[in-house]
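Next comes input19.cif, a file with mmCIF, C-alpha atoms.
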```
data_coords
#
loop_
_atom_site.label_atom_id
_atom_site.label_comp_id
_atom_site.auth_asym_id
_atom_site.auth_seq_id
_atom_site.Cartn_x
_atom_site.Cartn_y
_atom_site.Cartn_z
CA MET A 19 120.54 -13.15 87.63
CA ALA A 20 116.91 -13.93 86.99
CA GLU A 21 114.79 -13.89 90.12
CA ASN A 22 114.86 -17.63 90.64
CA LEU A 23 113.80 -18.57 94.18
CA ASP A 24 115.70 -21.88 94.17
CA VAL A 25 118.95 -20.18 93.18
CA PHE A 26 118.32 -17.34 95.63
CA GLU A 27 117.86 -19.88 98.43
CA GLU A 28 121.22 -21.41 97.42
CA VAL A 29 123.03 -18.05 97.30
CA LEU A 30 121.36 -16.43 100.35
CA PRO A 31 123.32 -18.41 102.98
CA LYS A 32 126.53 -17.51 101.14
CA LEU A 33 125.60 -13.80 101.18
CA LEU A 34 124.80 -13.94 104.89
CA LYS A 35 128.07 -15.76 105.61
CA ILE A 36 130.40 -13.22 104.04
CA GLN A 37 131.62 -10.44 106.26
CA LEU A 38 130.16 -7.60 104.16
CA PHE A 39 126.59 -8.83 104.58
CA SER A 40 126.86 -10.45 108.01
CA ASP A 41 124.79 -7.67 109.66
CA PHE A 42 121.79 -8.69 107.55
CA LYS A 43 119.46 -11.21 109.19
CA ALA A 44 117.51 -13.99 107.47
CA ASP A 45 114.55 -13.46 109.81
CA ASN A 46 114.28 -9.72 109.05
CA GLU A 47 111.88 -8.98 106.20
CA ASN A 48 113.52 -5.67 105.25
CA ASP A 49 117.01 -7.25 105.26
CA MET A 50 115.77 -10.03 102.97
CA ARG A 51 114.18 -7.49 100.63
CA ILE A 52 117.51 -5.64 100.36
CA LEU A 53 119.47 -8.87 99.83
CA ARG A 54 117.03 -9.87 97.07
CA MET A 55 117.84 -6.57 95.37
CA VAL A 56 121.55 -7.34 95.63
CA TYR A 57 120.93 -10.88 94.40
CA SER A 58 119.00 -9.60 91.38
CA GLU A 59 122.12 -7.69 90.28
CA LEU A 60 124.60 -10.55 90.74
CA ARG A 61 126.03 -12.24 87.67
CA LEU A 62 127.16 -15.84 87.83
CA HIS A 63 130.59 -16.72 86.41
CA THR A 64 132.39 -20.04 86.17
CA PHE A 65 136.16 -20.43 86.05
CA LYS A 66 138.18 -23.52 85.26
CA ALA A 67 141.09 -24.56 87.47
CA GLY A 68 144.10 -22.40 86.55
CA GLU A 69 142.07 -19.45 85.20
CA GLU A 70 142.75 -15.94 86.46
CA ILE A 71 139.75 -14.30 88.05
CA ILE A 72 141.40 -10.97 88.76
CA LYS A 73 144.93 -9.78 87.96
CA GLU A 74 147.14 -7.57 90.08
CA GLY A 75 147.68 -4.15 88.56
CA GLU A 76 144.68 -4.29 86.23
CA HIS A 77 141.79 -1.85 86.51
CA GLY A 78 139.03 -3.44 88.58
CA GLU A 79 135.34 -2.60 88.48
CA SER A 80 133.78 -5.73 90.03
CA PHE A 81 133.34 -7.36 93.40
CA TYR A 82 133.25 -11.18 93.53
CA ILE A 83 131.79 -13.69 95.97
CA LEU A 84 133.25 -17.19 95.72
CA THR A 85 130.25 -19.55 95.83
CA SER A 86 132.01 -22.83 95.03
CA GLY A 87 135.55 -24.10 94.56
CA SER A 88 138.84 -22.69 95.78
CA VAL A 89 141.31 -20.01 94.77
CA GLN A 90 144.85 -18.91 95.48
CA VAL A 91 145.78 -15.28 96.01
CA PHE A 92 149.15 -14.06 94.69
CA ARG A 93 151.06 -10.82 94.81
CA ASN A 94 154.17 -9.73 92.95
CA THR A 95 157.20 -8.51 94.87
CA MET A 96 159.08 -5.39 93.83
CA ALA A 97 161.60 -7.74 92.17
CA GLY A 98 158.79 -9.25 90.10
CA ASP A 99 158.62 -12.57 91.96
CA ARG A 100 155.16 -14.01 92.52
CA ILE A 101 154.37 -15.03 96.10
CA ALA A 102 151.31 -16.89 97.29
CA LEU A 103 149.42 -15.06 100.01
CA ALA A 104 146.53 -17.41 100.71
CA ASN A 105 144.62 -20.52 99.67
CA LEU A 106 140.90 -19.93 100.09
CA SER A 107 137.74 -21.96 99.58
CA ALA A 108 134.09 -21.04 99.14
CA ASP A 109 133.10 -22.55 102.48
CA MET A 110 135.20 -19.83 104.17
CA GLY A 111 132.80 -17.06 103.06
CA ILE A 112 135.33 -15.63 100.63
CA PHE A 113 134.98 -12.46 98.59
CA PHE A 114 137.50 -10.32 96.75
CA GLY A 115 137.66 -7.14 94.74
CA GLU A 116 135.79 -5.23 97.44
CA ALA A 117 137.70 -2.02 96.67
CA ALA A 118 135.61 -1.85 93.48
CA LEU A 119 132.57 -1.14 95.69
CA ILE A 120 134.19 2.14 96.73
CA GLY A 121 135.77 3.20 93.46
CA THR A 122 137.82 1.98 90.55
CA ASP A 123 141.43 1.23 91.25
CA LYS A 124 144.18 -1.16 90.29
CA ARG A 125 143.85 -4.66 91.70
CA GLY A 126 146.15 -5.31 94.65
CA ALA A 127 146.56 -9.03 94.01
CA THR A 128 145.96 -11.81 91.50
CA VAL A 129 143.31 -14.43 92.23
CA ILE A 130 143.55 -17.75 90.37
CA ALA A 131 141.09 -20.64 90.52
CA THR A 132 142.78 -23.73 91.95
CA THR A 133 139.70 -25.85 91.25
CA ASP A 134 136.72 -25.25 89.00
CA CYS A 135 134.98 -22.28 90.64
CA ARG A 136 131.76 -20.38 90.58
CA THR A 137 131.49 -16.73 91.56
CA CYS A 138 128.79 -14.12 91.81
CA GLU A 139 129.86 -10.68 90.60
CA ILE A 140 128.48 -7.17 90.85
CA THR A 141 130.03 -4.02 89.46
CA GLY A 142 130.86 -1.18 91.79
CA LYS A 143 128.72 1.14 89.66
CA ARG A 144 125.65 -1.07 90.01
CA PHE A 145 126.28 -1.55 93.74
CA LYS A 146 126.44 2.23 94.26
CA GLU A 147 123.14 2.59 92.37
CA LEU A 148 121.58 0.05 94.76
CA CYS A 149 122.96 2.02 97.72
CA GLU A 150 121.30 5.17 96.39
CA LYS A 151 117.97 3.31 96.50
CA GLU A 152 118.72 1.57 99.82
CA PRO A 153 121.04 3.74 101.94
CA ILE A 154 121.05 1.15 104.75
CA LEU A 155 122.80 -1.25 102.35
CA GLY A 156 125.52 1.29 101.66
CA TYR A 157 125.86 2.22 105.33
CA ARG A 158 126.22 -1.36 106.54
CA VAL A 159 128.61 -2.47 103.78
CA MET A 160 130.76 0.67 103.97
CA LEU A 161 130.97 0.37 107.76
CA CYS A 162 132.13 -3.21 107.35
CA LEU A 163 134.69 -2.17 104.71
CA ALA A 164 135.96 0.60 106.99
CA ARG A 165 136.43 -1.89 109.85
CA ARG A 166 138.19 -4.33 107.52
CA MET A 167 140.50 -1.62 106.17
CA THR A 168 141.30 -0.46 109.72
CA VAL A 169 142.47 -3.97 110.62
CA THR A 170 144.52 -4.12 107.41
CA ILE A 171 146.17 -0.76 108.10
CA LYS A 172 146.98 -1.72 111.70
CA LYS A 173 148.57 -4.96 110.53
CA ALA A 174 150.56 -3.15 107.82
CA ASN A 175 151.79 -0.62 110.40
CA SER A 176 152.81 -3.43 112.75
CA ASP A 177 154.61 -5.23 109.92
CA MET A 178 156.44 -2.02 108.98
CA GLU A 179 157.50 -1.50 112.59
CA THR A 180 158.87 -5.04 112.72
CA LEU A 181 160.79 -4.50 109.47
CA TYR A 182 162.22 -1.18 110.68
CA GLU A 183 163.33 -2.78 113.95
CA ALA A 184 164.99 -5.67 112.09
CA LEU A 185 166.72 -3.25 109.71
CA PHE A 186 167.88 -1.06 112.58
CA ASP A 187 169.23 -4.09 114.47
CA GLU A 188 171.06 -5.21 111.32
CA VAL A 189 172.63 -1.77 110.78
CA VAL A 190 173.64 -1.33 114.45
CA ASN A 191 175.12 -4.80 114.82
#
```
Could you express the structure from this file as C-alpha coordinates?
Amino acid sequence: MAENLDVFEEVLPKLLKIQLFSDFKADNENDMRILRMVYSELRLHTFKAGEEIIKEGEHGESFYILTSGSVQVFRNTMAGDRIALANLSADMGIFFGEAALIGTDKRGATVIATTDCRTCEITGKRFKELCEKEPILGYRVMLCLARRMTVTIKKANSDMETLYEALFDEVVN
(Lines of atoms letter the chains of each structure in order from A and count residues from 1; the text may use other names and numbers.)
(Lines give C-alpha, C1' and ligand atoms only; values in the text may rest on other atoms or scores of the structure.)
Protein backbone atom coordinates (compact mmCIF):
# COMPACT_ATOMS: atom_id res chain seq x y z
CA MET A 1 0.00 0.00 0.00
CA ALA A 2 1.38 3.41 -0.84
CA GLU A 3 2.07 5.54 2.20
CA ASN A 4 -1.16 7.48 2.01
CA LEU A 5 -1.90 9.27 5.29
CA ASP A 6 -5.67 9.39 4.70
CA VAL A 7 -5.84 5.64 4.10
CA PHE A 8 -3.50 4.98 7.03
CA GLU A 9 -5.78 7.01 9.30
CA GLU A 10 -8.70 4.84 8.08
CA VAL A 11 -6.84 1.55 8.62
CA LEU A 12 -5.06 2.47 11.90
CA PRO A 13 -8.15 2.14 14.14
CA LYS A 14 -8.82 -1.25 12.56
CA LEU A 15 -5.25 -2.39 13.27
CA LEU A 16 -5.49 -1.22 16.88
CA LYS A 17 -8.85 -2.95 17.30
CA ILE A 18 -7.75 -6.42 16.28
CA GLN A 19 -6.40 -8.65 19.00
CA LEU A 20 -2.95 -9.13 17.45
CA PHE A 21 -2.13 -5.42 17.56
CA SER A 22 -4.14 -4.42 20.64
CA ASP A 23 -0.97 -3.92 22.73
CA PHE A 24 0.10 -1.09 20.42
CA LYS A 25 -1.01 2.38 21.52
CA ALA A 26 -2.04 5.27 19.28
CA ASP A 27 -0.36 7.77 21.62
CA ASN A 28 3.01 5.97 21.57
CA GLU A 29 5.33 7.29 18.86
CA ASN A 30 7.35 4.07 18.57
CA ASP A 31 4.18 1.94 18.36
CA MET A 32 2.86 4.17 15.57
CA ARG A 33 6.17 3.93 13.70
CA ILE A 34 5.98 0.12 13.85
CA LEU A 35 2.33 0.08 12.76
CA ARG A 36 3.20 2.35 9.82
CA MET A 37 5.78 -0.25 8.78
CA VAL A 38 3.12 -2.96 8.96
CA TYR A 39 0.68 -0.73 7.08
CA SER A 40 3.22 -0.11 4.31
CA GLU A 41 3.31 -3.87 3.65
CA LEU A 42 -0.45 -4.43 3.61
CA ARG A 43 -2.17 -5.11 0.30
CA LEU A 44 -5.79 -4.18 -0.19
CA HIS A 45 -8.14 -6.79 -1.68
CA THR A 46 -11.83 -6.61 -2.51
CA PHE A 47 -14.14 -9.61 -2.63
CA LYS A 48 -17.68 -9.81 -3.95
CA ALA A 49 -20.42 -11.48 -1.92
CA GLY A 50 -20.08 -15.25 -2.37
CA GLU A 51 -16.35 -15.22 -3.18
CA GLU A 52 -13.97 -17.48 -1.27
CA ILE A 53 -11.24 -15.60 0.54
CA ILE A 54 -9.45 -18.66 1.89
CA LYS A 55 -10.22 -22.35 1.39
CA GLU A 56 -9.87 -25.13 3.93
CA GLY A 57 -7.08 -27.54 3.08
CA GLU A 58 -5.25 -25.20 0.72
CA HIS A 59 -1.72 -23.99 1.40
CA GLY A 60 -1.89 -20.59 3.09
CA GLU A 61 0.79 -17.91 3.07
CA SER A 62 -1.22 -14.79 3.98
CA PHE A 63 -2.84 -13.18 6.98
CA TYR A 64 -5.99 -11.10 6.40
CA ILE A 65 -7.68 -8.28 8.29
CA LEU A 66 -11.33 -7.73 7.42
CA THR A 67 -11.71 -3.95 7.04
CA SER A 68 -15.27 -3.82 5.67
CA GLY A 69 -18.14 -6.21 5.03
CA SER A 70 -18.90 -9.59 6.55
CA VAL A 71 -17.83 -13.19 6.11
CA GLN A 72 -18.91 -16.67 7.08
CA VAL A 73 -16.45 -19.29 8.28
CA PHE A 74 -17.03 -22.93 7.28
CA ARG A 75 -15.37 -26.22 8.04
CA ASN A 76 -15.84 -29.63 6.47
CA THR A 77 -16.72 -32.61 8.65
CA MET A 78 -14.97 -35.94 8.24
CA ALA A 79 -18.02 -37.05 6.22
CA GLY A 80 -17.48 -34.11 3.85
CA ASP A 81 -20.43 -32.04 5.05
CA ARG A 82 -19.87 -28.29 5.27
CA ILE A 83 -20.84 -26.68 8.58
CA ALA A 84 -20.93 -22.98 9.35
CA LEU A 85 -18.80 -22.03 12.32
CA ALA A 86 -19.33 -18.28 12.52
CA ASN A 87 -20.75 -15.17 10.88
CA LEU A 88 -18.33 -12.28 11.34
CA SER A 89 -18.27 -8.60 10.40
CA ALA A 90 -15.49 -6.04 10.07
CA ASP A 91 -16.73 -4.03 13.06
CA MET A 92 -15.82 -7.04 15.26
CA GLY A 93 -12.07 -6.57 14.65
CA ILE A 94 -11.87 -9.74 12.57
CA PHE A 95 -8.74 -11.32 11.16
CA PHE A 96 -8.02 -14.78 9.79
CA GLY A 97 -5.16 -16.80 8.41
CA GLU A 98 -2.97 -15.90 11.39
CA ALA A 99 -1.20 -19.28 11.27
CA ALA A 100 0.53 -17.96 8.13
CA LEU A 101 2.41 -15.51 10.38
CA ILE A 102 4.13 -18.46 12.04
CA GLY A 103 4.65 -20.73 9.05
CA THR A 104 2.98 -22.15 6.01
CA ASP A 105 0.33 -24.74 6.61
CA LYS A 106 -2.99 -25.94 5.28
CA ARG A 107 -5.94 -23.68 6.01
CA GLY A 108 -8.14 -24.94 8.82
CA ALA A 109 -11.36 -23.44 7.51
CA THR A 110 -12.99 -21.77 4.52
CA VAL A 111 -13.87 -18.07 4.69
CA ILE A 112 -16.48 -16.77 2.25
CA ALA A 113 -17.61 -13.16 1.81
CA THR A 114 -21.29 -12.82 2.67
CA THR A 115 -21.32 -9.19 1.52
CA ASP A 116 -18.90 -7.24 -0.62
CA CYS A 117 -15.74 -7.12 1.51
CA ARG A 118 -12.43 -5.39 1.75
CA THR A 119 -9.39 -6.95 3.39
CA CYS A 120 -5.82 -5.99 4.08
CA GLU A 121 -3.34 -8.83 3.54
CA ILE A 122 0.29 -9.46 4.43
CA THR A 123 2.29 -12.57 3.68
CA GLY A 124 3.87 -14.48 6.51
CA LYS A 125 7.26 -14.12 4.81
CA ARG A 126 7.00 -10.34 4.69
CA PHE A 127 5.70 -10.19 8.27
CA LYS A 128 8.70 -12.24 9.49
CA GLU A 129 11.03 -9.84 7.64
CA LEU A 130 9.39 -6.93 9.49
CA CYS A 131 9.86 -8.78 12.78
CA GLU A 132 13.57 -9.17 12.03
CA LYS A 133 13.77 -5.37 11.74
CA GLU A 134 11.43 -4.72 14.69
CA PRO A 135 11.69 -7.57 17.22
CA ILE A 136 9.10 -5.90 19.50
CA LEU A 137 6.53 -6.41 16.72
CA GLY A 138 7.30 -10.12 16.57
CA TYR A 139 7.35 -10.46 20.35
CA ARG A 140 3.99 -8.77 20.87
CA VAL A 141 2.21 -10.53 18.00
CA MET A 142 3.65 -13.96 18.81
CA LEU A 143 2.73 -13.56 22.48
CA CYS A 144 -0.81 -12.71 21.44
CA LEU A 145 -0.91 -15.72 19.08
CA ALA A 146 0.37 -17.98 21.86
CA ARG A 147 -2.38 -16.76 24.21
CA ARG A 148 -5.00 -17.24 21.51
CA MET A 149 -3.77 -20.76 20.73
CA THR A 150 -3.75 -21.63 24.44
CA VAL A 151 -7.44 -20.70 24.69
CA THR A 152 -8.18 -22.72 21.54
CA ILE A 153 -6.36 -25.79 22.88
CA LYS A 154 -8.12 -25.56 26.26
CA LYS A 155 -11.49 -25.35 24.53
CA ALA A 156 -10.65 -28.29 22.24
CA ASN A 157 -9.58 -30.35 25.27
CA SER A 158 -12.81 -29.49 27.07
CA ASP A 159 -14.85 -30.40 23.99
CA MET A 160 -13.00 -33.72 23.70
CA GLU A 161 -13.67 -34.48 27.36
CA THR A 162 -17.38 -33.78 26.85
CA LEU A 163 -17.46 -36.06 23.80
CA TYR A 164 -15.64 -38.86 25.63
CA GLU A 165 -18.04 -38.60 28.56
CA ALA A 166 -21.06 -38.70 26.22
CA LEU A 167 -19.61 -41.70 24.37
CA PHE A 168 -18.83 -43.49 27.63
CA ASP A 169 -22.35 -42.84 28.94
CA GLU A 170 -23.80 -44.17 25.67
CA VAL A 171 -21.69 -47.35 25.81
CA VAL A 172 -22.40 -48.01 29.52
CA ASN A 173 -26.13 -47.42 29.26
**Message:** Give me the residues near range 138-154 of chain A as a ChimeraX atom specification, where near means some atom within 12 Å (using only C-alpha atoms) and where sequence neighbours in that chain fewer than 4 positions away do not count.
**Reply:** /A:19,25-26,28-30,32-33,39,41-42,48-49,51-65,71-72,78-86,108,112-123,158-161
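Straight-line separation from CA of Arg136 in chain A to CA of Gln90 in chain A: 14.1 Å.
The space separating CA of Glu27 in chain A from CA of Ala44 in chain A comes to 10.8 Å.
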**Complete:** CA of Thr168 in chain A to CA of Asn46 in chain A measures 28.6 Å
**Request:** Tell me which protein, DNA and RNA residues are within 10 Å of Ala67 in chain A, counting only C-alpha atoms, leaving out same-chain ones fewer than 4 positions away, and put them as JSON, numbers by chain.
**Result:** {"A": [87, 88, 89, 130, 131, 132, 133, 134, 135]}
**Asked** Hey, what comes out of the PyMOL selection byres ((chain A and resi 74) around 6) on this file? Could you write it as an MDAnalysis selection string?
**Response** chainID A and resid 73 75:76 125:128
**Message:** What's around range 100-103 of chain A at 9 Å? Count only C-alpha atoms, leave out sequence neighbours fewer than 5 positions away in its own chain, and write the answer as number ranges by chain.
**Reply:** A: 90-95, 127
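The point (132.0, -5.6, 105.9) has these residues within 6 Å of it, counting all atoms listed in the file: Gln37, Leu38, Val159, Cys162 and Leu163 of chain A.
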